[in-house]
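First up is the structure itself, then whatever we jot down about it.
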Amino acid sequence: MIKQELIALIEKKRAELIQVAITNGLSSSVAIRYSQELDHLLNEYNRTYIKKTHQLVSQ
């Protein structure tokens with residue numbers, strides 16, 4: 001997955017989470033599931049792009 005696609009997925013999932021939280025509450029099961037999905041996407045972004053960038057700077 002290219003960087004821009006992942007960023008787009010993160011933004012979409014964040015918007016969905018906000019809408020679900022407004023509608024159903026932040027502690028609803030659907031909001032928790034969306035939050036976990038967002039966490040997964042953010043972790044993937046961090047593993048793929050942030051750590052690689054940090055390693056290059058550290059060398």
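Residues in the structure tokens are named by chain (A, B, ... in the order shown) and by number from 1 within that chain; ligands are numbered from 1 in the order shown.
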
Which residues of stretch 33-53 of chain A sit at most 8 Å from stretch 7-11 of chain A, using only C-alpha atoms? Give each one's shortest atom pair and distance in Å (one decimal place), in chain and ascending residue order, as JSON lines.
```
{"residue": "A:Leu38", "atom": "CA", "partner": "A:Ile10", "partner_atom": "CA", "distance": 6.4}
{"residue": "A:Leu41", "atom": "CA", "partner": "A:Ile10", "partner_atom": "CA", "distance": 6.2}
{"residue": "A:Leu42", "atom": "CA", "partner": "A:Ile10", "partner_atom": "CA", "distance": 6.9}
{"residue": "A:Tyr45", "atom": "CA", "partner": "A:Ile7", "partner_atom": "CA", "distance": 7.9}
```

Using atom CA of A:Tyr49 and atom CA of A:Lys3 as the two end points, give the distance in Å to one decimal.
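Value for the atom CA of A:Tyr49-atom CA of A:Lys3 distance: 7.8 Å.
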
Using only C-alpha atoms, find the one residue out of A:Gln19, A:Asn46, A:Leu6, A:Lys12 that sits nearest to A:Ala31.
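Under the stated criterion, the closest residue is A:Gln19.
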
To one decimal place in Å, what is the distance between atom CA of A:Ala21 and atom CA of A:Glu44?
23.0 Å

Quick check, in Å to one decimal: how far apart do atom CA of A:Gln4 and atom CA of A:Arg47 lie?
15.0 Å
